[in-house]
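Have a look at coords-v8.txt below; it lists compact mmCIF, C-alpha atoms.
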```txt
# COMPACT_ATOMS: atom_id res chain seq x y z
CA MET A 1 -25.38 32.41 -11.45
CA SER A 2 -21.65 32.57 -10.65
CA ILE A 3 -18.36 30.92 -11.45
CA GLN A 4 -17.04 28.64 -8.75
CA LEU A 5 -13.81 30.15 -7.44
CA PRO A 6 -11.19 28.60 -5.18
CA ARG A 7 -11.43 29.56 -1.53
CA LEU A 8 -8.94 32.27 -0.62
CA SER A 9 -7.00 32.47 2.59
CA ASP A 10 -7.88 35.27 5.01
CA GLY A 11 -4.31 35.45 6.22
CA MET A 12 -1.40 37.13 4.45
CA GLY A 13 2.32 37.05 5.02
CA MET A 14 4.59 40.11 5.16
CA ASP A 15 5.19 40.06 1.40
CA GLY A 16 1.46 39.83 0.69
CA ALA A 17 0.67 42.66 3.09
CA ALA A 18 3.30 44.90 1.50
CA LYS A 19 1.98 44.11 -1.99
CA LEU A 20 -1.57 44.89 -0.89
CA SER A 21 -0.48 48.15 0.75
CA ALA A 22 1.27 49.27 -2.45
CA HIS A 23 -1.72 48.51 -4.66
CA ALA A 24 -4.39 49.76 -2.23
CA ALA A 25 -2.78 53.20 -2.21
CA ASN A 26 -4.72 53.82 -5.42
CA ALA A 27 -8.01 52.66 -3.89
CA VAL A 28 -10.71 54.74 -2.19
CA THR A 29 -11.94 53.76 1.27
CA THR A 30 -15.60 54.26 2.12
CA ASP A 31 -16.26 56.76 4.91
CA ALA A 32 -18.48 55.93 7.87
CA ASP A 33 -21.44 58.10 6.83
CA THR A 34 -21.58 56.63 3.32
CA LEU A 35 -21.35 53.09 4.71
CA GLU A 36 -24.12 53.76 7.23
CA GLU A 37 -26.41 55.07 4.49
CA ALA A 38 -25.55 52.13 2.21
CA ARG A 39 -26.39 49.64 4.96
CA LEU A 40 -29.46 51.17 6.53
CA GLY A 41 -30.65 54.01 4.34
CA PHE A 42 -33.33 52.08 2.45
CA SER A 43 -34.62 50.14 5.47
CA ARG A 44 -34.97 53.35 7.47
CA THR A 45 -36.70 55.26 4.68
CA HIS A 46 -38.94 52.36 3.54
CA PRO A 47 -39.18 50.00 6.55
CA ARG A 48 -42.27 48.16 5.26
CA ARG A 49 -40.63 47.41 1.90
CA SER A 50 -37.24 46.33 3.21
CA ALA A 51 -36.18 42.69 3.58
CA ARG A 52 -34.57 43.58 6.91
CA ARG A 53 -37.81 42.38 8.50
CA VAL A 54 -38.38 38.94 7.01
CA PHE A 55 -41.93 38.27 8.19
CA HIS A 56 -44.78 40.35 9.55
CA PHE A 57 -47.05 38.93 12.24
CA THR A 58 -50.02 38.76 9.86
CA GLN A 59 -47.90 36.83 7.35
CA LEU A 60 -46.93 34.28 9.98
CA LEU A 61 -50.58 33.88 10.92
CA ALA A 62 -51.57 33.36 7.28
CA ILE A 63 -48.79 30.81 6.70
CA GLY A 64 -49.75 28.93 9.87
CA ALA A 65 -53.43 28.90 8.90
CA LEU A 66 -52.68 27.62 5.40
CA PHE A 67 -50.38 24.89 6.73
CA TYR A 68 -52.93 23.80 9.33
CA GLY A 69 -55.74 23.81 6.77
CA ALA A 70 -53.74 21.80 4.23
CA THR A 71 -52.74 19.26 6.88
CA TRP A 72 -56.32 18.89 8.12
CA VAL A 73 -57.74 18.45 4.61
CA ALA A 74 -55.05 15.90 3.72
CA ARG A 75 -55.98 13.82 6.77
CA VAL A 76 -59.75 14.03 6.26
CA ALA A 77 -59.78 13.41 2.48
CA PRO A 78 -56.34 12.28 1.29
CA THR A 79 -57.51 11.04 -2.13
CA ALA A 80 -59.43 14.20 -2.97
CA THR A 81 -56.57 16.37 -1.69
CA PHE A 82 -54.08 14.56 -3.93
CA THR A 83 -56.40 14.93 -6.94
CA VAL A 84 -56.92 18.66 -6.36
CA ALA A 85 -53.20 19.25 -5.82
CA HIS A 86 -52.40 17.30 -9.00
CA ILE A 87 -54.90 19.31 -11.06
CA ALA A 88 -53.65 22.61 -9.57
CA ALA A 89 -50.02 21.76 -10.38
CA LEU A 90 -50.97 20.76 -13.91
CA ALA A 91 -52.93 24.00 -14.39
CA ILE A 92 -50.05 26.15 -13.17
CA PHE A 93 -47.54 24.32 -15.38
CA SER A 94 -49.85 24.57 -18.41
CA ALA A 95 -50.39 28.29 -17.80
CA ALA A 96 -46.61 28.84 -17.70
CA ILE A 97 -46.16 27.01 -20.99
CA PHE A 98 -49.07 28.91 -22.55
CA ILE A 99 -47.61 32.28 -21.56
CA ARG A 100 -44.25 31.32 -23.06
CA VAL A 101 -45.91 30.23 -26.31
CA ILE A 102 -47.76 33.55 -26.50
CA ALA A 103 -44.51 35.43 -25.82
CA ALA A 104 -42.67 33.54 -28.56
CA ALA A 105 -45.50 33.99 -31.09
CA GLN A 106 -46.26 37.68 -30.59
CA LEU A 107 -42.86 39.32 -30.65
CA ALA A 108 -40.70 39.79 -33.75
CA PRO A 109 -36.96 40.26 -33.07
CA PHE A 110 -35.33 43.51 -34.12
CA LEU A 111 -31.97 45.15 -33.57
CA SER A 112 -31.45 48.03 -31.18
CA ARG A 113 -30.63 51.47 -32.49
CA LEU A 114 -27.26 52.86 -31.38
CA ALA A 115 -27.07 56.34 -29.89
CA SER A 116 -24.84 58.97 -31.43
CA PRO A 117 -25.42 62.17 -29.44
CA ALA A 118 -23.46 65.38 -29.86
CA ARG A 119 -22.40 65.03 -26.22
CA PHE A 120 -22.21 61.63 -24.57
CA PRO A 121 -23.48 61.74 -20.98
CA ILE A 122 -21.28 60.31 -18.26
CA TYR A 123 -22.08 56.62 -17.73
CA THR A 124 -21.24 54.97 -14.39
CA ILE A 125 -20.44 51.24 -14.37
CA LEU A 126 -20.69 49.48 -11.00
CA CYS A 127 -18.85 46.15 -10.67
CA PRO A 128 -19.09 44.44 -7.26
CA LEU A 129 -16.40 41.79 -6.71
CA TYR A 130 -15.88 39.36 -3.86
CA ARG A 131 -13.41 36.46 -3.83
CA GLU A 132 -12.85 37.02 -7.56
CA ALA A 133 -9.19 37.97 -7.81
CA ASN A 134 -8.59 35.54 -10.67
CA VAL A 135 -11.09 37.28 -12.97
CA ALA A 136 -10.38 40.93 -12.10
CA HIS A 137 -7.97 41.38 -15.04
CA ASP A 138 -10.42 39.71 -17.42
CA LEU A 139 -13.20 42.03 -16.25
CA VAL A 140 -11.09 45.15 -16.75
CA SER A 141 -10.07 43.89 -20.21
CA ALA A 142 -13.74 43.33 -21.11
CA LEU A 143 -14.67 46.82 -19.90
CA ALA A 144 -11.86 48.27 -22.02
CA CYS A 145 -13.62 46.90 -25.13
CA ILE A 146 -16.78 48.94 -24.50
CA ASP A 147 -17.38 51.35 -27.38
CA TYR A 148 -18.04 54.53 -25.41
CA PRO A 149 -15.92 57.69 -25.00
CA ARG A 150 -13.37 57.07 -22.25
CA GLU A 151 -13.79 60.58 -20.85
CA ALA A 152 -17.49 59.85 -20.33
CA LEU A 153 -16.94 56.56 -18.48
CA ASP A 154 -16.99 56.34 -14.68
CA ILE A 155 -16.13 52.73 -13.73
CA LYS A 156 -16.11 51.64 -10.10
CA LEU A 157 -14.85 48.27 -8.86
CA LEU A 158 -16.42 47.58 -5.46
CA VAL A 159 -14.36 45.23 -3.27
CA GLU A 160 -14.83 44.12 0.35
CA SER A 161 -12.09 45.24 2.74
CA ASP A 162 -11.36 41.70 3.99
CA ASP A 163 -10.81 40.40 0.43
CA SER A 164 -7.15 41.37 0.18
CA GLU A 165 -6.34 39.33 -2.93
CA THR A 166 -9.18 40.84 -4.98
CA ILE A 167 -8.22 44.33 -3.80
CA ALA A 168 -4.66 43.78 -4.99
CA ALA A 169 -5.75 42.26 -8.30
CA SER A 170 -8.31 45.03 -8.95
CA CYS A 171 -5.88 47.83 -8.15
CA ALA A 172 -3.20 46.25 -10.34
CA ALA A 173 -5.63 45.80 -13.24
CA ALA A 174 -6.92 49.38 -12.97
CA ALA A 175 -3.55 51.03 -12.27
CA SER A 176 -3.10 52.43 -15.78
CA THR A 177 -6.78 53.25 -16.38
CA PRO A 178 -7.73 56.66 -14.92
CA HIS A 179 -11.49 56.25 -15.42
CA ILE A 180 -11.56 53.10 -13.25
CA GLU A 181 -11.81 53.62 -9.50
CA VAL A 182 -11.37 50.85 -6.93
CA ILE A 183 -13.61 51.41 -3.90
CA ILE A 184 -12.98 49.43 -0.72
CA VAL A 185 -16.22 48.61 1.11
CA PRO A 186 -15.72 47.92 4.84
CA ALA A 187 -16.63 44.34 5.73
CA CYS A 188 -19.74 44.56 7.89
CA ALA A 189 -23.29 43.25 7.99
CA PRO A 190 -25.22 42.81 5.83
CA ARG A 191 -22.67 41.14 3.54
CA THR A 192 -24.68 41.61 0.35
CA LYS A 193 -24.18 42.84 -3.18
CA PRO A 194 -26.86 45.57 -2.80
CA LYS A 195 -24.91 47.15 0.06
CA ALA A 196 -21.81 47.40 -2.14
CA LEU A 197 -23.89 48.83 -4.98
CA ASN A 198 -25.25 51.53 -2.66
CA VAL A 199 -21.68 52.51 -1.82
CA GLY A 200 -20.91 52.81 -5.53
CA LEU A 201 -24.12 54.74 -6.18
CA ALA A 202 -23.12 57.33 -3.57
CA ARG A 203 -19.96 58.09 -5.59
CA ALA A 204 -21.50 57.72 -9.05
CA ARG A 205 -20.89 60.71 -11.33
CA GLY A 206 -22.90 59.44 -14.27
CA GLU A 207 -26.31 60.48 -15.54
CA PHE A 208 -26.85 56.75 -16.13
CA VAL A 209 -25.60 53.73 -14.18
CA VAL A 210 -25.26 50.06 -15.12
CA ILE A 211 -24.31 46.95 -13.12
CA TYR A 212 -21.91 44.27 -14.34
CA ASP A 213 -20.75 41.16 -12.46
CA ALA A 214 -17.16 39.96 -12.44
CA GLU A 215 -17.81 37.14 -14.93
CA ASP A 216 -19.72 39.33 -17.40
CA ARG A 217 -18.46 40.14 -20.87
CA PRO A 218 -20.69 43.02 -22.01
CA HIS A 219 -21.40 43.65 -25.68
CA ALA A 220 -19.19 46.49 -26.92
CA GLN A 221 -22.22 48.51 -28.06
CA GLN A 222 -24.47 47.86 -25.06
CA LEU A 223 -24.10 51.32 -23.51
CA ASN A 224 -24.89 52.98 -26.84
CA ALA A 225 -27.96 50.77 -27.26
CA ALA A 226 -29.16 51.51 -23.72
CA LEU A 227 -28.66 55.23 -24.27
CA ALA A 228 -30.68 55.01 -27.50
CA ALA A 229 -33.45 53.18 -25.61
CA PHE A 230 -33.58 56.00 -23.05
CA GLU A 231 -33.64 58.58 -25.87
CA ASP A 232 -36.44 56.79 -27.74
CA GLY A 233 -38.46 55.91 -24.64
CA GLU A 234 -41.03 57.91 -22.78
CA PRO A 235 -39.90 60.51 -20.23
CA ASP A 236 -40.69 58.11 -17.38
CA LEU A 237 -38.43 55.36 -18.74
CA ALA A 238 -36.19 54.63 -15.75
CA CYS A 239 -34.65 51.20 -16.32
CA VAL A 240 -33.38 49.20 -19.28
CA GLN A 241 -32.59 45.48 -18.97
CA ALA A 242 -30.23 44.00 -21.56
CA PRO A 243 -30.63 40.29 -22.32
CA LEU A 244 -28.12 37.84 -20.85
CA VAL A 245 -26.59 35.03 -22.88
CA ILE A 246 -24.83 31.94 -21.53
CA ASP A 247 -21.53 31.67 -23.42
CA ASN A 248 -20.63 28.07 -22.53
CA ALA A 249 -23.85 26.33 -23.60
CA ASP A 250 -21.88 23.46 -25.17
CA ALA A 251 -19.94 22.67 -21.99
CA SER A 252 -22.48 20.32 -20.43
CA TRP A 253 -26.12 19.32 -20.24
CA ILE A 254 -26.69 21.70 -17.32
CA SER A 255 -25.12 24.57 -19.27
CA ARG A 256 -27.49 23.88 -22.16
CA GLN A 257 -30.44 24.05 -19.76
CA PHE A 258 -29.15 27.36 -18.43
CA ALA A 259 -28.81 28.67 -21.99
CA ALA A 260 -32.33 27.57 -22.92
CA GLU A 261 -33.86 29.11 -19.80
CA TYR A 262 -32.03 32.40 -20.33
CA ALA A 263 -33.07 32.52 -23.98
CA ILE A 264 -36.73 32.08 -23.02
CA GLN A 265 -36.53 34.57 -20.16
CA PHE A 266 -34.62 37.36 -21.89
CA ARG A 267 -35.70 36.91 -25.52
CA GLU A 268 -39.39 36.20 -24.97
CA MET A 269 -40.76 36.74 -21.46
CA LEU A 270 -39.19 40.08 -20.58
CA PRO A 271 -40.05 41.73 -23.93
CA LEU A 272 -43.67 40.61 -23.45
CA LEU A 273 -43.79 42.05 -19.93
CA ALA A 274 -42.26 45.30 -21.20
CA LEU A 275 -44.82 45.43 -24.04
CA LEU A 276 -47.62 45.05 -21.49
CA LYS A 277 -46.01 47.69 -19.21
CA LEU A 278 -45.74 45.16 -16.39
CA PRO A 279 -42.93 45.05 -13.78
CA LEU A 280 -39.83 43.18 -14.96
CA PRO A 281 -37.93 40.70 -12.79
CA LEU A 282 -34.51 42.24 -13.41
CA GLY A 283 -31.53 40.02 -14.15
CA GLY A 284 -29.21 41.39 -11.47
CA THR A 285 -26.67 42.45 -14.11
CA SER A 286 -26.79 44.60 -17.25
CA ASN A 287 -29.45 46.72 -15.53
CA HIS A 288 -29.25 50.30 -16.83
CA PHE A 289 -30.83 53.05 -14.69
CA ARG A 290 -31.33 56.78 -14.71
CA THR A 291 -29.18 57.70 -11.73
CA ASP A 292 -31.52 60.38 -10.38
CA VAL A 293 -34.52 58.02 -10.39
CA LEU A 294 -32.47 55.27 -8.74
CA ARG A 295 -31.51 57.66 -5.95
CA ARG A 296 -35.06 58.92 -5.54
CA CYS A 297 -36.20 55.31 -5.13
CA GLY A 298 -33.72 54.86 -2.29
CA GLY A 299 -31.20 52.76 -4.18
CA TRP A 300 -31.04 49.07 -3.30
CA ASP A 301 -32.27 47.31 -0.20
CA ALA A 302 -29.04 46.15 1.46
CA TYR A 303 -30.91 43.28 3.16
CA ASN A 304 -32.30 41.82 -0.06
CA VAL A 305 -29.88 39.13 -1.24
CA SER A 306 -31.52 38.93 -4.69
CA GLU A 307 -30.34 42.47 -5.52
CA ASP A 308 -33.92 43.71 -5.24
CA ARG A 309 -34.64 42.43 -8.75
CA ALA A 310 -38.43 42.20 -8.72
CA ASN A 311 -38.84 44.62 -5.83
CA PHE A 312 -37.00 47.39 -7.65
CA ALA A 313 -39.27 47.12 -10.68
CA ASN A 314 -42.26 47.54 -8.38
CA LYS A 315 -40.61 50.58 -6.79
CA LEU A 316 -40.22 52.12 -10.24
CA ASN A 317 -43.93 51.69 -10.81
CA ARG A 318 -44.67 53.49 -7.55
CA PHE A 319 -42.62 56.41 -8.88
CA ARG A 320 -44.64 56.36 -12.15
CA THR A 321 -41.70 54.96 -14.08
CA HIS A 322 -41.23 51.71 -15.95
CA ALA A 323 -38.59 49.37 -17.26
CA PHE A 324 -37.86 48.49 -20.86
CA HIS A 325 -35.90 45.74 -22.55
CA ILE A 326 -33.08 46.02 -25.10
CA PRO A 327 -33.88 43.32 -27.67
CA PHE A 328 -31.07 41.41 -29.33
CA LEU A 329 -28.08 43.30 -28.07
CA SER A 330 -26.62 41.16 -25.37
CA HIS A 331 -23.60 40.27 -23.35
CA SER A 332 -22.34 36.84 -22.45
CA CYS A 333 -21.80 35.30 -19.07
CA ALA A 334 -20.76 31.83 -18.03
CA SER A 335 -23.19 29.51 -16.33
CA ALA A 336 -22.49 27.81 -13.03
CA ALA A 337 -22.14 24.39 -14.66
```

In structure tokens, what does this structure look like?
Amino acid sequence: MSIQLPRLSDGMGMDGAAKLSAHAANAVTTDADTLEEARLGFSRTHPRRSARRVFHFTQLLAIGALFYGATWVARVAPTATFTVAHIAALAIFSAAIFIRVIAAAQLAPFLSRLASPARFPIYTILCPLYREANVAHDLVSALACIDYPREALDIKLLVESDDSETIAASCAAAASTPHIEVIIVPACAPRTKPKALNVGLARARGEFVVIYDAEDRPHAQQLNAALAAFEDGEPDLACVQAPLVIDNADASWISRQFAAEYAIQFREMLPLLALLKLPLPLGGTSNHFRTDVLRRCGGWDAYNVSEDRANFANKLNRFRTHAFHIPFLSHSCASAA
């Protein structure tokens, strides 16, 4: 889910280069050791769980056998094969609807408690940006509305080194905000959001860390609600997922479908999975973590383009931790319609 942005030019004139140089003086450049760990740390530590290796030999054999078997059966008994496939598809679709009905019927909505500790822990906010210069100021303005002590906020804007316009826009937007740090991530493979997040995690000062995308508009009280969830949860509570809300549902038919799907996923399905202590498919944004657990798990897999959403929840389970869901305290984000 992203906003379609205009394509930016890779080239810059003398005026543009001077402007970038002036703004980038306030930015932090990633050192070689940190970049190497962000790129390859997880795949080296957990090679069998990393997406760096797409397929194993046994998986290829299984896929080939299934494809050959399906093709052979379809040729020998095409009518029976079609009937079985039709019944199987109907059963899967019916099961999905049944689970959603159960989720909607079993859970009563309630509001999150807001934390009010004597000392607010430092909270790190990681915001990866790429080709998003035109929303950098809006993002910083949205982050300024968060109701959390400024001295306890550690905000990091993560920008690729070859994205000169976003670097300039981010540095300009954060120039007068001391708790916002612009980090320049060298442009190298893999070009993924998880790699940038690993760079931010290496410099995170917070006891807790949350991810926001450039188009997100987080609820002002979301950090307080997440902190309360960690306080009220069990000691092994490692991750809190806040619900996402599409804020332009009236824009088009596609936007309405996005809004409906997100409402079902974040208001019904995820709370049910949390209630059953099952792994959550994380949303990729508004994920709140205990920083120490995130680091012990190895951070993100830089080769997983889906931000390790489902994989990370399974990693938490391996570390005897689990994820929880903040009900009915959300933030809005625009759909791709």

task: May I ask for the distance between CA of Leu278 (chain A) and CA of Val240 (chain A), given in Å to one decimal place?
output: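 Rounded to one decimal, the two atoms are 13.3 Å apart.
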
- line: Atom pair CA of Ala70 (chain A) + CA of Ala91 (chain A), distance 18.8 Å

Closest pair table for region 54-135 of chain A residues within 12 Å of region 244-263 of chain A, all atoms listed in the file, as JSON lines:
```
{"residue": "A:Arg100", "atom": "CA", "partner": "A:Glu261", "partner_atom": "CA", "distance": 11.1}
{"residue": "A:Ala103", "atom": "CA", "partner": "A:Ala263", "partner_atom": "CA", "distance": 11.9}
{"residue": "A:Ala104", "atom": "CA", "partner": "A:Ala263", "partner_atom": "CA", "distance": 10.7}
```

message: Calculated over only C-alpha atoms, which of the candidates A:Ala136, A:Ala51, A:Leu153, A:Glu207 has the smallest distance to Ala172 (chain A)?
response: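 The shortest atom-to-atom distance to Ala172 (chain A) comes from A:Ala136.
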
- prompt: Which residue gives the smallest distance to Ser141 (chain A) among A:Gly299, A:Pro235, A:Pro218, A:Gly64, with all atoms listed in the file counted?
  reply: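 Selected residue with least distance to Ser141 (chain A): A:Pro218.
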
Write out as a JSON list (two decimals) with C-alpha atoms, keeping the file's coordinate frame which residues come within 9 Å of Ile146 (chain A) when counting all atoms listed in the file, dropping same-chain ones fewer than 5 positions away.
```json
[["chain", "number", "residue", "atom", "x", "y", "z"],
["A", 218, "PRO", "CA", -20.69, 43.02, -22.01],
["A", 219, "HIS", "CA", -21.40, 43.65, -25.68],
["A", 220, "ALA", "CA", -19.19, 46.49, -26.92],
["A", 221, "GLN", "CA", -22.22, 48.51, -28.06],
["A", 222, "GLN", "CA", -24.47, 47.86, -25.06],
["A", 223, "LEU", "CA", -24.10, 51.32, -23.51]]
```

CA of Ala95 (chain A) to CA of Thr81 (chain A), straight-line distance in Å: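 The value is 21.0 Å.
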
- request: Measuring atom to atom with only C-alpha atoms, identify which of A:Ala74, A:Ala105, A:Ala228, A:Ile99 is nearest to His288 (chain A).
  value: A:Ala228

- line: Across A:Leu139, A:Ala118, A:Leu276, A:Ala168, the smallest distance to Tyr212 (chain A), with only C-alpha atoms counted, is shown by A:Leu139

Spatial neighbours of Leu294 (chain A), 9 Å, all atoms listed in the file, chain gap at least 4 places, as a count of residues only: 10

- request: Return the single residue from A:Val140, A:Tyr303, A:Pro243, A:Val293 that is closest to Ser112 (chain A), with distances computed using all atoms listed in the file.
  value: A:Pro243

field: Residues near Leu35 (chain A), cut-off 12 Å, only C-alpha atoms, skip fewer than 2 positions along chain, as a ChimeraX atom specification
entry: /A:29-33,37-41,160,183-190,194-203,302
